[in-house]
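Chemist: File follows, coords_34.tsv with TSV, C-alpha atoms:
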chain	number	residue	atom	x	y	z
A	262	MET	CA	6.65	56.38	34.93
A	263	PRO	CA	5.84	59.76	36.55
A	264	LYS	CA	2.35	60.36	37.82
A	265	TYR	CA	1.76	63.44	35.64
A	266	GLU	CA	3.06	63.58	32.13
A	267	ARG	CA	3.76	66.93	30.49
A	268	LEU	CA	1.54	67.26	27.42
A	269	LEU	CA	3.48	70.05	25.70
A	270	PRO	CA	7.21	70.69	25.71
A	271	PRO	CA	8.28	73.71	27.73
A	272	PRO	CA	8.66	76.86	25.63
A	273	ALA	CA	12.13	77.79	24.55
A	274	ARG	CA	13.94	80.63	26.20
A	275	TRP	CA	13.45	84.13	24.90
A	276	SER	CA	15.92	85.02	22.21
A	277	LYS	CA	17.12	88.38	21.04
A	278	GLU	CA	14.96	88.01	17.93
A	279	ASP	CA	11.92	87.40	20.15
A	280	ASP	CA	12.67	90.48	22.22
A	281	ALA	CA	13.07	92.60	19.10
A	282	LEU	CA	9.77	91.28	17.73
A	283	VAL	CA	8.04	92.02	21.01
A	284	GLN	CA	9.30	95.60	20.99
A	285	LYS	CA	8.19	96.12	17.38
A	286	LEU	CA	4.74	94.60	17.82
A	287	PHE	CA	4.02	96.29	21.14
A	288	ILE	CA	4.69	99.74	19.73
A	289	THR	CA	2.40	99.16	16.76
A	290	GLY	CA	-0.31	96.81	18.06
A	291	GLY	CA	-0.07	96.65	21.85
A	292	TYR	CA	-0.64	93.57	23.97
A	293	GLN	CA	-2.99	91.81	21.55
A	294	ALA	CA	-0.45	91.84	18.72
A	295	CYS	CA	2.18	90.31	21.03
A	296	PHE	CA	-0.22	87.62	22.24
A	297	ALA	CA	-1.06	86.66	18.64
A	298	ALA	CA	2.62	86.50	17.64
A	299	PHE	CA	3.45	83.98	20.41
A	300	PRO	CA	0.59	81.45	20.57
A	301	ASN	CA	2.77	78.86	22.35
A	302	ARG	CA	3.44	81.17	25.27
A	303	SER	CA	1.07	82.24	28.01
A	304	LYS	CA	-0.24	85.80	28.20
A	305	ILE	CA	1.34	86.27	31.60
A	306	GLY	CA	4.73	85.28	30.19
A	307	VAL	CA	4.38	87.75	27.33
A	308	GLN	CA	3.33	90.51	29.73
A	309	LYS	CA	6.34	89.84	31.96
A	310	ARG	CA	8.66	90.02	28.93
A	311	ILE	CA	7.13	93.34	27.91
A	312	ARG	CA	7.61	94.78	31.41
A	313	LYS	CA	11.15	93.41	31.56
A	314	ALA	CA	11.96	95.20	28.32
A	315	LYS	CA	10.71	98.40	30.02
A	316	LEU	CA	8.22	99.00	27.24
A	317	THR	CA	5.60	100.00	29.79
A	318	LYS	CA	5.66	101.02	33.40
A	319	ARG	CA	3.27	99.45	35.86
A	320	LYS	CA	1.02	102.04	37.48
A	321	PHE	CA	-0.13	100.99	40.93
A	322	TRP	CA	-3.60	101.82	42.20
A	323	THR	CA	-3.66	104.33	45.04
A	324	GLU	CA	-6.34	104.94	47.65
A	325	LYS	CA	-7.30	108.14	45.84
A	326	ASP	CA	-7.80	106.24	42.57
A	327	ASP	CA	-9.98	103.65	44.31
A	328	CYS	CA	-12.13	106.34	45.93
A	329	TYR	CA	-12.65	108.10	42.61
A	330	LEU	CA	-13.48	104.83	40.85
A	331	SER	CA	-15.97	103.68	43.50
A	332	GLY	CA	-17.62	107.11	43.60
A	333	SER	CA	-17.90	107.46	39.82
A	334	TRP	CA	-18.73	103.90	38.84
A	335	GLY	CA	-22.27	103.69	37.53
A	336	PHE	CA	-22.73	107.45	37.16
A	337	ILE	CA	-20.36	108.42	34.35
A	338	SER	CA	-19.07	106.41	31.43
A	339	THR	CA	-16.12	104.04	31.73
A	340	THR	CA	-14.30	105.97	29.00
A	341	MET	CA	-14.39	109.17	31.06
A	342	ILE	CA	-13.15	107.32	34.16
A	343	ALA	CA	-10.28	105.78	32.18
A	344	LYS	CA	-9.37	109.17	30.74
A	345	LYS	CA	-9.43	110.77	34.18
A	346	LEU	CA	-7.24	108.07	35.75
A	347	GLY	CA	-5.00	107.65	32.71
A	348	ARG	CA	-5.67	103.92	32.37
A	349	THR	CA	-7.05	101.54	29.79
A	350	LEU	CA	-10.62	100.28	29.72
A	351	MET	CA	-9.41	96.76	30.54
A	352	ALA	CA	-7.55	98.05	33.60
A	353	ILE	CA	-10.67	99.85	34.82
A	354	GLN	CA	-12.81	96.72	34.39
A	355	GLN	CA	-10.26	94.55	36.21
A	356	ARG	CA	-10.13	96.98	39.12
A	357	VAL	CA	-13.93	97.10	39.25
A	358	ASN	CA	-14.03	93.32	39.50
A	359	ARG	CA	-11.38	93.33	42.22
A	360	LEU	CA	-13.27	95.95	44.28
A	361	LYS	CA	-16.60	94.15	43.65
A	362	LEU	CA	-18.38	97.29	42.56
A	363	GLY	CA	-20.96	95.34	40.59
A	364	THR	CA	-22.45	96.05	37.19
A	365	ALA	CA	-22.88	99.70	36.26
A	366	LEU	CA	-26.29	100.82	35.05
A	367	LYS	CA	-26.19	102.45	31.66
A	368	SER	CA	-27.32	106.04	31.49
A	369	GLU	CA	-30.25	106.79	29.23
A	370	GLU	CA	-29.56	108.85	26.17
A	371	GLY	CA	-30.00	112.57	26.71
A	372	LYS	CA	-30.39	112.28	30.51
A	373	GLU	CA	-27.91	113.25	33.18
A	374	PRO	CA	-27.80	111.08	36.32
A	375	GLU	CA	-27.32	112.51	39.79
A	376	LEU	CA	-27.28	111.11	43.30
A	377	TYR	CA	-30.63	110.98	45.06
A	378	GLU	CA	-29.25	113.02	47.98
A	379	ALA	CA	-27.92	115.62	45.55
A	380	ALA	CA	-31.31	115.81	43.81
A	381	ALA	CA	-33.07	116.41	47.14
A	382	LYS	CA	-30.57	119.12	48.04
A	383	ARG	CA	-30.85	120.75	44.61
A	384	THR	CA	-34.66	120.88	44.60
A	385	GLY	CA	-35.02	121.81	48.28
A	386	TYR	CA	-37.26	118.87	49.24
A	387	HIS	CA	-36.73	116.34	52.00
A	388	LYS	CA	-35.93	112.87	50.71
A	389	PRO	CA	-39.30	111.33	51.78
A	390	THR	CA	-41.18	114.20	50.12
A	391	LEU	CA	-39.14	113.90	46.95
A	392	GLU	CA	-39.83	110.17	46.95
A	393	ARG	CA	-43.59	110.88	47.02
A	394	ILE	CA	-43.20	113.36	44.17
A	395	LEU	CA	-41.30	110.86	42.03
A	396	LYS	CA	-43.75	108.07	42.85
A	397	PHE	CA	-46.66	110.34	41.84
A	398	SER	CA	-45.14	110.61	38.34
A	399	ASN	CA	-43.96	106.96	38.19
A	400	VAL	CA	-40.30	107.99	38.10
A	401	SER	CA	-37.91	105.15	38.95
A	402	ILE	CA	-35.19	105.52	41.57
A	403	HIS	CA	-32.19	103.45	40.46
A	404	ARG	CA	-29.84	101.69	42.85
A	405	VAL	CA	-26.13	101.21	42.31
A	406	GLN	CA	-24.41	98.39	44.20
A	407	SER	CA	-20.91	99.66	44.89
A	408	ARG	CA	-18.62	98.94	47.77
A	409	SER	CA	-14.95	99.42	48.41
A	410	PRO	CA	-12.81	99.42	51.56
A	411	HIS	CA	-12.02	103.10	50.98
A	412	TYR	CA	-15.65	104.30	50.65
A	413	ASN	CA	-17.32	105.32	53.92
A	414	GLY	CA	-20.80	106.10	52.54
A	415	ASP	CA	-23.88	103.92	52.27
A	416	LEU	CA	-23.33	100.52	50.71
A	417	GLY	CA	-26.42	100.87	48.56
A	418	ARG	CA	-26.59	104.24	46.80
A	419	PHE	CA	-29.44	105.62	44.74
A	420	TYR	CA	-29.53	107.93	41.77
A	421	VAL	CA	-32.11	109.52	39.50
A	422	TYR	CA	-32.09	111.49	36.28
A	423	LYS	CA	-32.27	115.27	36.48
A	424	GLU	CA	-34.76	115.58	33.64
A	425	ASP	CA	-37.16	113.09	35.26
A	426	VAL	CA	-36.93	114.88	38.61
A	427	ASP	CA	-37.64	118.30	37.07
A	428	SER	CA	-40.64	117.03	35.09
A	429	ALA	CA	-42.03	115.25	38.17
A	430	ILE	CA	-41.75	118.41	40.29
A	431	THR	CA	-43.40	120.48	37.55
A	432	ARG	CA	-46.33	118.06	37.45
A	433	TRP	CA	-46.54	117.97	41.25
A	434	LEU	CA	-46.72	121.77	41.48
A	435	SER	CA	-49.47	121.89	38.85
A	436	THR	CA	-51.73	119.77	41.08
A	437	GLU	CA	-53.17	120.15	44.57
A	438	MET	CA	-55.21	118.16	47.07
A	439	VAL	CA	-58.96	118.60	47.38
A	440	LYS	CA	-59.09	120.04	50.91
A	441	PRO	CA	-56.58	122.89	50.32
A	442	ALA	CA	-58.24	123.63	46.97
A	443	ALA	CA	-61.66	123.82	48.68
A	444	ARG	CA	-60.29	126.25	51.26
A	445	ARG	CA	-58.77	128.33	48.48
A	446	HIS	CA	-62.11	128.61	46.67
A	447	ARG	CA	-64.06	128.95	49.98
A	448	VAL	CA	-66.28	125.96	49.31
A	449	SER	CA	-66.77	122.70	51.19
A	450	SER	CA	-64.69	119.65	50.38
A	451	PRO	CA	-67.74	117.40	49.67
A	452	LEU	CA	-69.05	120.00	47.22
A	453	LEU	CA	-65.73	120.13	45.37
A	454	MET	CA	-65.57	116.33	45.35
A	455	GLU	CA	-69.04	116.17	43.83
A	456	CYS	CA	-68.09	118.69	41.15
A	457	LEU	CA	-64.97	116.71	40.28
A	458	LYS	CA	-66.90	113.44	40.07
A	459	ARG	CA	-69.50	115.03	37.80
A	460	SER	CA	-66.78	116.31	35.47
A	461	GLY	CA	-65.93	112.71	34.49
A	462	GLU	CA	-62.24	113.50	34.00
A	463	LEU	CA	-60.90	111.54	36.99
A	464	ASP	CA	-60.32	107.80	36.96
A	465	GLU	CA	-61.49	105.49	39.73
A	466	LYS	CA	-57.96	104.92	41.03
A	467	THR	CA	-57.51	108.65	41.64
A	468	MET	CA	-60.88	109.00	43.36
A	469	ARG	CA	-60.12	106.09	45.71
A	470	MET	CA	-57.09	107.99	47.08
A	471	TRP	CA	-59.22	110.44	49.11
A	472	PRO	CA	-58.17	112.46	51.06
A	473	GLN	CA	-54.81	112.29	49.23
A	474	TRP	CA	-56.23	113.33	45.87
A	475	ARG	CA	-53.88	115.37	43.77
A	476	VAL	CA	-55.99	116.94	41.07
A	477	PRO	CA	-54.75	119.34	38.37
A	478	THR	CA	-55.30	122.93	39.49
A	479	GLU	CA	-56.64	123.81	36.05
A	480	LEU	CA	-59.40	121.19	36.39
A	481	ILE	CA	-60.35	122.42	39.87
A	482	ASP	CA	-60.61	126.03	38.71
A	483	ARG	CA	-62.71	125.00	35.72
A	484	VAL	CA	-65.24	122.92	37.68
A	485	ILE	CA	-65.58	125.69	40.28
A	486	GLU	CA	-66.31	128.23	37.55
A	487	GLU	CA	-68.90	125.89	36.07
A	488	TRP	CA	-70.45	125.40	39.51
A	489	LYS	CA	-70.67	129.18	40.07
A	490	SER	CA	-72.52	129.58	36.78
A	491	LYS	CA	-75.19	127.09	37.94
A	492	GLU	CA	-77.65	126.91	40.82
A	493	THR	CA	-79.30	124.28	42.96
A	494	LEU	CA	-82.99	123.49	43.02
A	495	GLU	CA	-83.38	125.27	46.37
A	496	SER	CA	-81.60	128.45	45.22
A	497	ALA	CA	-83.58	128.45	41.96
A	498	SER	CA	-86.90	128.08	43.83
A	499	HIS	CA	-85.88	130.94	46.13
A	500	ARG	CA	-84.99	133.10	43.14
A	501	ILE	CA	-88.23	132.31	41.29
A	502	GLY	CA	-90.37	132.59	44.40
A	503	VAL	CA	-92.08	129.19	44.41
A	504	MET	CA	-91.74	126.00	46.41
A	505	ALA	CA	-88.92	123.66	45.50
A	506	ALA	CA	-91.35	120.78	44.89
A	507	THR	CA	-93.41	122.97	42.55
A	508	LEU	CA	-90.38	124.08	40.58
A	509	LYS	CA	-89.21	120.48	40.36
A	510	GLY	CA	-92.54	119.49	38.80
A	511	TRP	CA	-92.28	122.28	36.25
A	512	LEU	CA	-88.73	121.32	35.29
A	513	GLU	CA	-89.61	117.64	34.87
A	514	MET	CA	-92.65	118.59	32.80
A	515	TYR	CA	-90.59	120.63	30.34
A	516	GLY	CA	-87.69	118.20	29.94
A	517	VAL	CA	-85.09	119.52	32.38
A	518	PRO	CA	-83.43	116.39	33.92
A	519	ILE	CA	-83.59	116.13	37.71
A	520	ALA	CA	-81.37	113.40	39.20
A	521	PRO	CA	-81.63	112.06	42.76
A	522	GLY	CA	-79.55	114.04	45.24
A	523	LYS	CA	-78.13	117.51	44.76
A	524	ASN	CA	-78.59	118.99	41.29
A	525	PHE	CA	-76.73	121.83	39.64
A	526	LEU	CA	-79.09	123.49	37.21
A	527	ASN	CA	-78.45	125.96	34.44
A	528	PRO	CA	-80.30	129.22	35.18
A	529	SER	CA	-81.26	129.55	31.51
A	530	ASP	CA	-82.90	126.07	31.57
A	531	VAL	CA	-84.83	127.00	34.72
A	532	ASP	CA	-86.04	130.27	33.20
A	533	ARG	CA	-87.04	128.51	29.98
A	534	ALA	CA	-89.14	125.96	31.86
A	535	VAL	CA	-90.82	128.62	34.05
A	536	ASN	CA	-91.59	130.82	31.01
A	537	ALA	CA	-93.10	127.86	29.18
A	538	HIS	CA	-95.27	127.02	32.19
A	539	LEU	CA	-96.47	130.62	32.58
A	540	ALA	CA	-97.28	130.86	28.87
A	541	ARG	CA	-99.28	127.62	28.97
A	542	THR	CA	-101.26	128.54	32.08
A	543	ALA	CA	-101.71	132.26	31.40
A	544	GLY	CA	-104.75	133.58	33.33
A	545	ARG	CA	-105.49	130.18	34.91
A	546	CYS	CA	-102.87	129.95	37.68
A	547	ARG	CA	-102.41	131.83	40.92
A	548	LYS	CA	-100.38	134.96	40.43
A	549	PHE	CA	-97.07	135.26	42.33
A	550	THR	CA	-94.33	137.83	42.49
A	551	ILE	CA	-90.94	136.89	41.05
A	552	LYS	CA	-88.05	138.68	42.71
A	553	ASP	CA	-84.60	138.99	41.17
A	554	THR	CA	-85.38	136.67	38.28
A	555	PHE	CA	-83.87	136.32	34.82
A	556	ILE	CA	-87.17	135.41	33.18
A	557	GLY	CA	-87.70	138.83	31.64
A	558	ALA	CA	-84.18	138.83	30.24
A	559	SER	CA	-84.52	135.38	28.71
A	560	THR	CA	-87.81	136.04	26.91
Translate the structure described by the file into structure tokens.
Modeler:
Amino acid sequence: MPKYERLLPPPARWSKEDDALVQKLFITGGYQACFAAFPNRSKIGVQKRIRKAKLTKRKFWTEKDDCYLSGSWGFISTTMIAKKLGRTLMAIQQRVNRLKLGTALKSEEGKEPELYEAAAKRTGYHKPTLERILKFSNVSIHRVQSRSPHYNGDLGRFYVYKEDVDSAITRWLSTEMVKPAARRHRVSSPLLMECLKRSGELDEKTMRMWPQWRVPTELIDRVIEEWKSKETLESASHRIGVMAATLKGWLEMYGVPIAPGKNFLNPSDVDRAVNAHLARTAGRCRKFTIKDTFIGAST
């Protein structure tokens, strides 16, 4: 008794009727229709019979085809690649597996992917700078694993979406760091930092990034304008013509809050407190001369 026993009888030879059926089914339904019509035969045998009947011509892959496939895989759809190369989707997938290009990342709807190097060249930024800009806006940099013996570039390539890059650059340009902004407004950096902290519009994570703060330019301009419309206790005492400690007592007496450290006071609140003090102590306090004051205008 032989060591291995054949489980199924060998298939019969191909007859003329089988060849005619193959030709008819291949024209109407392709390979799948032929496979279904001959369940007792292997797919490879059916494919060989189809090629022997010259129903289709085998198209060999060239070096140019491999270069185009490895360069386009993961960036454009498989349908477009198949249309460009004149092949079926199954042929493209088989060649991808043979070249070990990996799994292609699907493009998001309404977004156009581009190579990271191309994005840096298009926007005019160096790649490290562009990486900082994208990280600032939490934009992901995708990696495509593709390799072929005919591709001489980097083994790991990166790509981004054009829309994400443009929005990240727009946000980056609408912000600036604290030190350049302070020089632009001709104020000190600690003063600008204090104004930004008092605005209450920055989170703790942003404030811990000093001196690499990137604050919206609109916010910086607004807090500087608010600061210019106010005055410190020292400047107010100089304007009124009294000691700073005396003015501080008057302000606390009439409900103007004075916090520890540097205070930015509203000139109208200062004038209101001084007017109230003068009206209460009329004729009983030492007279003093007020230079360049707004008291007369506020009464």
Chemist: Check the smallest atom-to-atom distance from each of A:Ala429, A:Val535, A:Asn527, A:Thr493 to Gly510 in chain A using all atoms listed in the file, then report the winner.
Modeler: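 Using all atoms listed in the file, Gly510 in chain A sits closest to A:Val535.
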Chemist: Work out how far apart CA of Thr323 in chain A and CA of Glu375 in chain A are and give it in Å to one decimal.
Modeler: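 Pair CA of Thr323 in chain A / CA of Glu375 in chain A returns 25.6 Å.
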Chemist: Could you tell me how far CA of Phe419 in chain A lies from CA of Met351 in chain A, in Å and to one decimal?
Modeler: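 Atom-to-atom, CA of Phe419 in chain A and CA of Met351 in chain A are spaced 26.1 Å apart.
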Chemist: Up to 12 Å from (-67.4, 117.9, 40.4) in the file's coordinates: name the residues, counting only C-alpha atoms, as an mmCIF file with C-alpha atoms, in the frame of the given file.
Modeler:
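As written to disk, part.cif reads:
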data_model
loop_
_atom_site.group_PDB
_atom_site.id
_atom_site.type_symbol
_atom_site.label_atom_id
_atom_site.label_comp_id
_atom_site.auth_asym_id
_atom_site.auth_seq_id
_atom_site.Cartn_x
_atom_site.Cartn_y
_atom_site.Cartn_z
ATOM 1 C CA VAL A 439 -58.960 118.600 47.380
ATOM 2 C CA ALA A 443 -61.660 123.820 48.680
ATOM 3 C CA SER A 449 -66.770 122.700 51.190
ATOM 4 C CA SER A 450 -64.690 119.650 50.380
ATOM 5 C CA PRO A 451 -67.740 117.400 49.670
ATOM 6 C CA LEU A 452 -69.050 120.000 47.220
ATOM 7 C CA LEU A 453 -65.730 120.130 45.370
ATOM 8 C CA MET A 454 -65.570 116.330 45.350
ATOM 9 C CA GLU A 455 -69.040 116.170 43.830
ATOM 10 C CA CYS A 456 -68.090 118.690 41.150
ATOM 11 C CA LEU A 457 -64.970 116.710 40.280
ATOM 12 C CA LYS A 458 -66.900 113.440 40.070
ATOM 13 C CA ARG A 459 -69.500 115.030 37.800
ATOM 14 C CA SER A 460 -66.780 116.310 35.470
ATOM 15 C CA GLY A 461 -65.930 112.710 34.490
ATOM 16 C CA GLU A 462 -62.240 113.500 34.000
ATOM 17 C CA LEU A 463 -60.900 111.540 36.990
ATOM 18 C CA MET A 468 -60.880 109.000 43.360
ATOM 19 C CA VAL A 476 -55.990 116.940 41.070
ATOM 20 C CA LEU A 480 -59.400 121.190 36.390
ATOM 21 C CA ILE A 481 -60.350 122.420 39.870
ATOM 22 C CA ASP A 482 -60.610 126.030 38.710
ATOM 23 C CA ARG A 483 -62.710 125.000 35.720
ATOM 24 C CA VAL A 484 -65.240 122.920 37.680
ATOM 25 C CA ILE A 485 -65.580 125.690 40.280
ATOM 26 C CA GLU A 486 -66.310 128.230 37.550
ATOM 27 C CA GLU A 487 -68.900 125.890 36.070
ATOM 28 C CA TRP A 488 -70.450 125.400 39.510
ATOM 29 C CA LYS A 489 -70.670 129.180 40.070
ATOM 30 C CA LYS A 523 -78.130 117.510 44.760
ATOM 31 C CA ASN A 524 -78.590 118.990 41.290
ATOM 32 C CA PHE A 525 -76.730 121.830 39.640
#
Chemist: Quick one: everything within 10 Å of Tyr377 in chain A, counting only C-alpha atoms, minus sequence neighbours fewer than 3 positions away in the same chain. Send it as a PyMOL selection string.
Modeler: chain A and resi 374+380-383+388+391-392+402-404+418-423+426
Chemist: Name all residues at most 9 Å from Leu526 in chain A (count only C-alpha atoms; drop same-chain ones fewer than 5 positions away) and give them as a list in words.
Modeler: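 So, after excluding close chain neighbours, the residues are Ser490, Lys491, Glu492, Thr493, Leu494, Ala497, Val517, Pro518, Ile519 and Val531 of chain A.
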Chemist: For CA of Phe397 in chain A and CA of Gly332 in chain A, determine how far apart the two atoms are, in Å to one decimal place.
Modeler: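 Here the two named atoms are 29.3 Å from each other.
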Chemist: Extract, using all atoms listed in the file, all DNA, RNA and protein residues at most 9 Å from range 299-308 of chain A, discarding same-chain residues fewer than 5 positions from it, and format them as a short mmCIF file (atom, residue, chain, number, x, y, z; two decimals) with C-alpha atoms, in the coordinates of the input.
Modeler:
data_model
loop_
_atom_site.label_atom_id
_atom_site.label_comp_id
_atom_site.auth_asym_id
_atom_site.auth_seq_id
_atom_site.Cartn_x
_atom_site.Cartn_y
_atom_site.Cartn_z
CA PRO A 272 8.66 76.86 25.63
CA VAL A 283 8.04 92.02 21.01
CA TYR A 292 -0.64 93.57 23.97
CA ALA A 294 -0.45 91.84 18.72
CA LYS A 313 11.15 93.41 31.56
#
Chemist: Would you list the residues near (0.6, 103.4, 29.7), meaning any protein, DNA or RNA residue with an atom at most 12 Å from that point in file coordinates, counting only C-alpha atoms, as a count of residues only?
Modeler: 20
Chemist: Residues near Asp279 in chain A, anyone? I mean within 10 Å using all atoms listed in the file, not counting same-chain ones fewer than 4 positions away, as an mmCIF file with C-alpha atoms, in the coordinates of the input.
Modeler:
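Output file around22.cif follows:
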data_model
loop_
_atom_site.group_PDB
_atom_site.id
_atom_site.type_symbol
_atom_site.label_atom_id
_atom_site.label_comp_id
_atom_site.auth_asym_id
_atom_site.auth_seq_id
_atom_site.Cartn_x
_atom_site.Cartn_y
_atom_site.Cartn_z
ATOM 1 C CA ARG A 274 13.940 80.630 26.200
ATOM 2 C CA TRP A 275 13.450 84.130 24.900
ATOM 3 C CA VAL A 283 8.040 92.020 21.010
ATOM 4 C CA GLN A 284 9.300 95.600 20.990
ATOM 5 C CA LYS A 285 8.190 96.120 17.380
ATOM 6 C CA ALA A 298 2.620 86.500 17.640
ATOM 7 C CA PHE A 299 3.450 83.980 20.410
ATOM 8 C CA ARG A 310 8.660 90.020 28.930
#
Chemist: Which residues are near Ala534 in chain A? Cut-off 8 Å, all atoms listed in the file, ignore same chain within fewer than 2 positions. Put them as a PyMOL selection string.
Modeler: chain A and resi 511-512+515+517+530-532+536-538
Chemist: Rank nothing, just name the residue among A:Met438, A:Leu282, A:Met341, A:Leu539 nearest to Phe296 in chain A, using only C-alpha atoms.
Modeler: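 The shortest atom-to-atom distance to Phe296 in chain A comes from A:Leu282.
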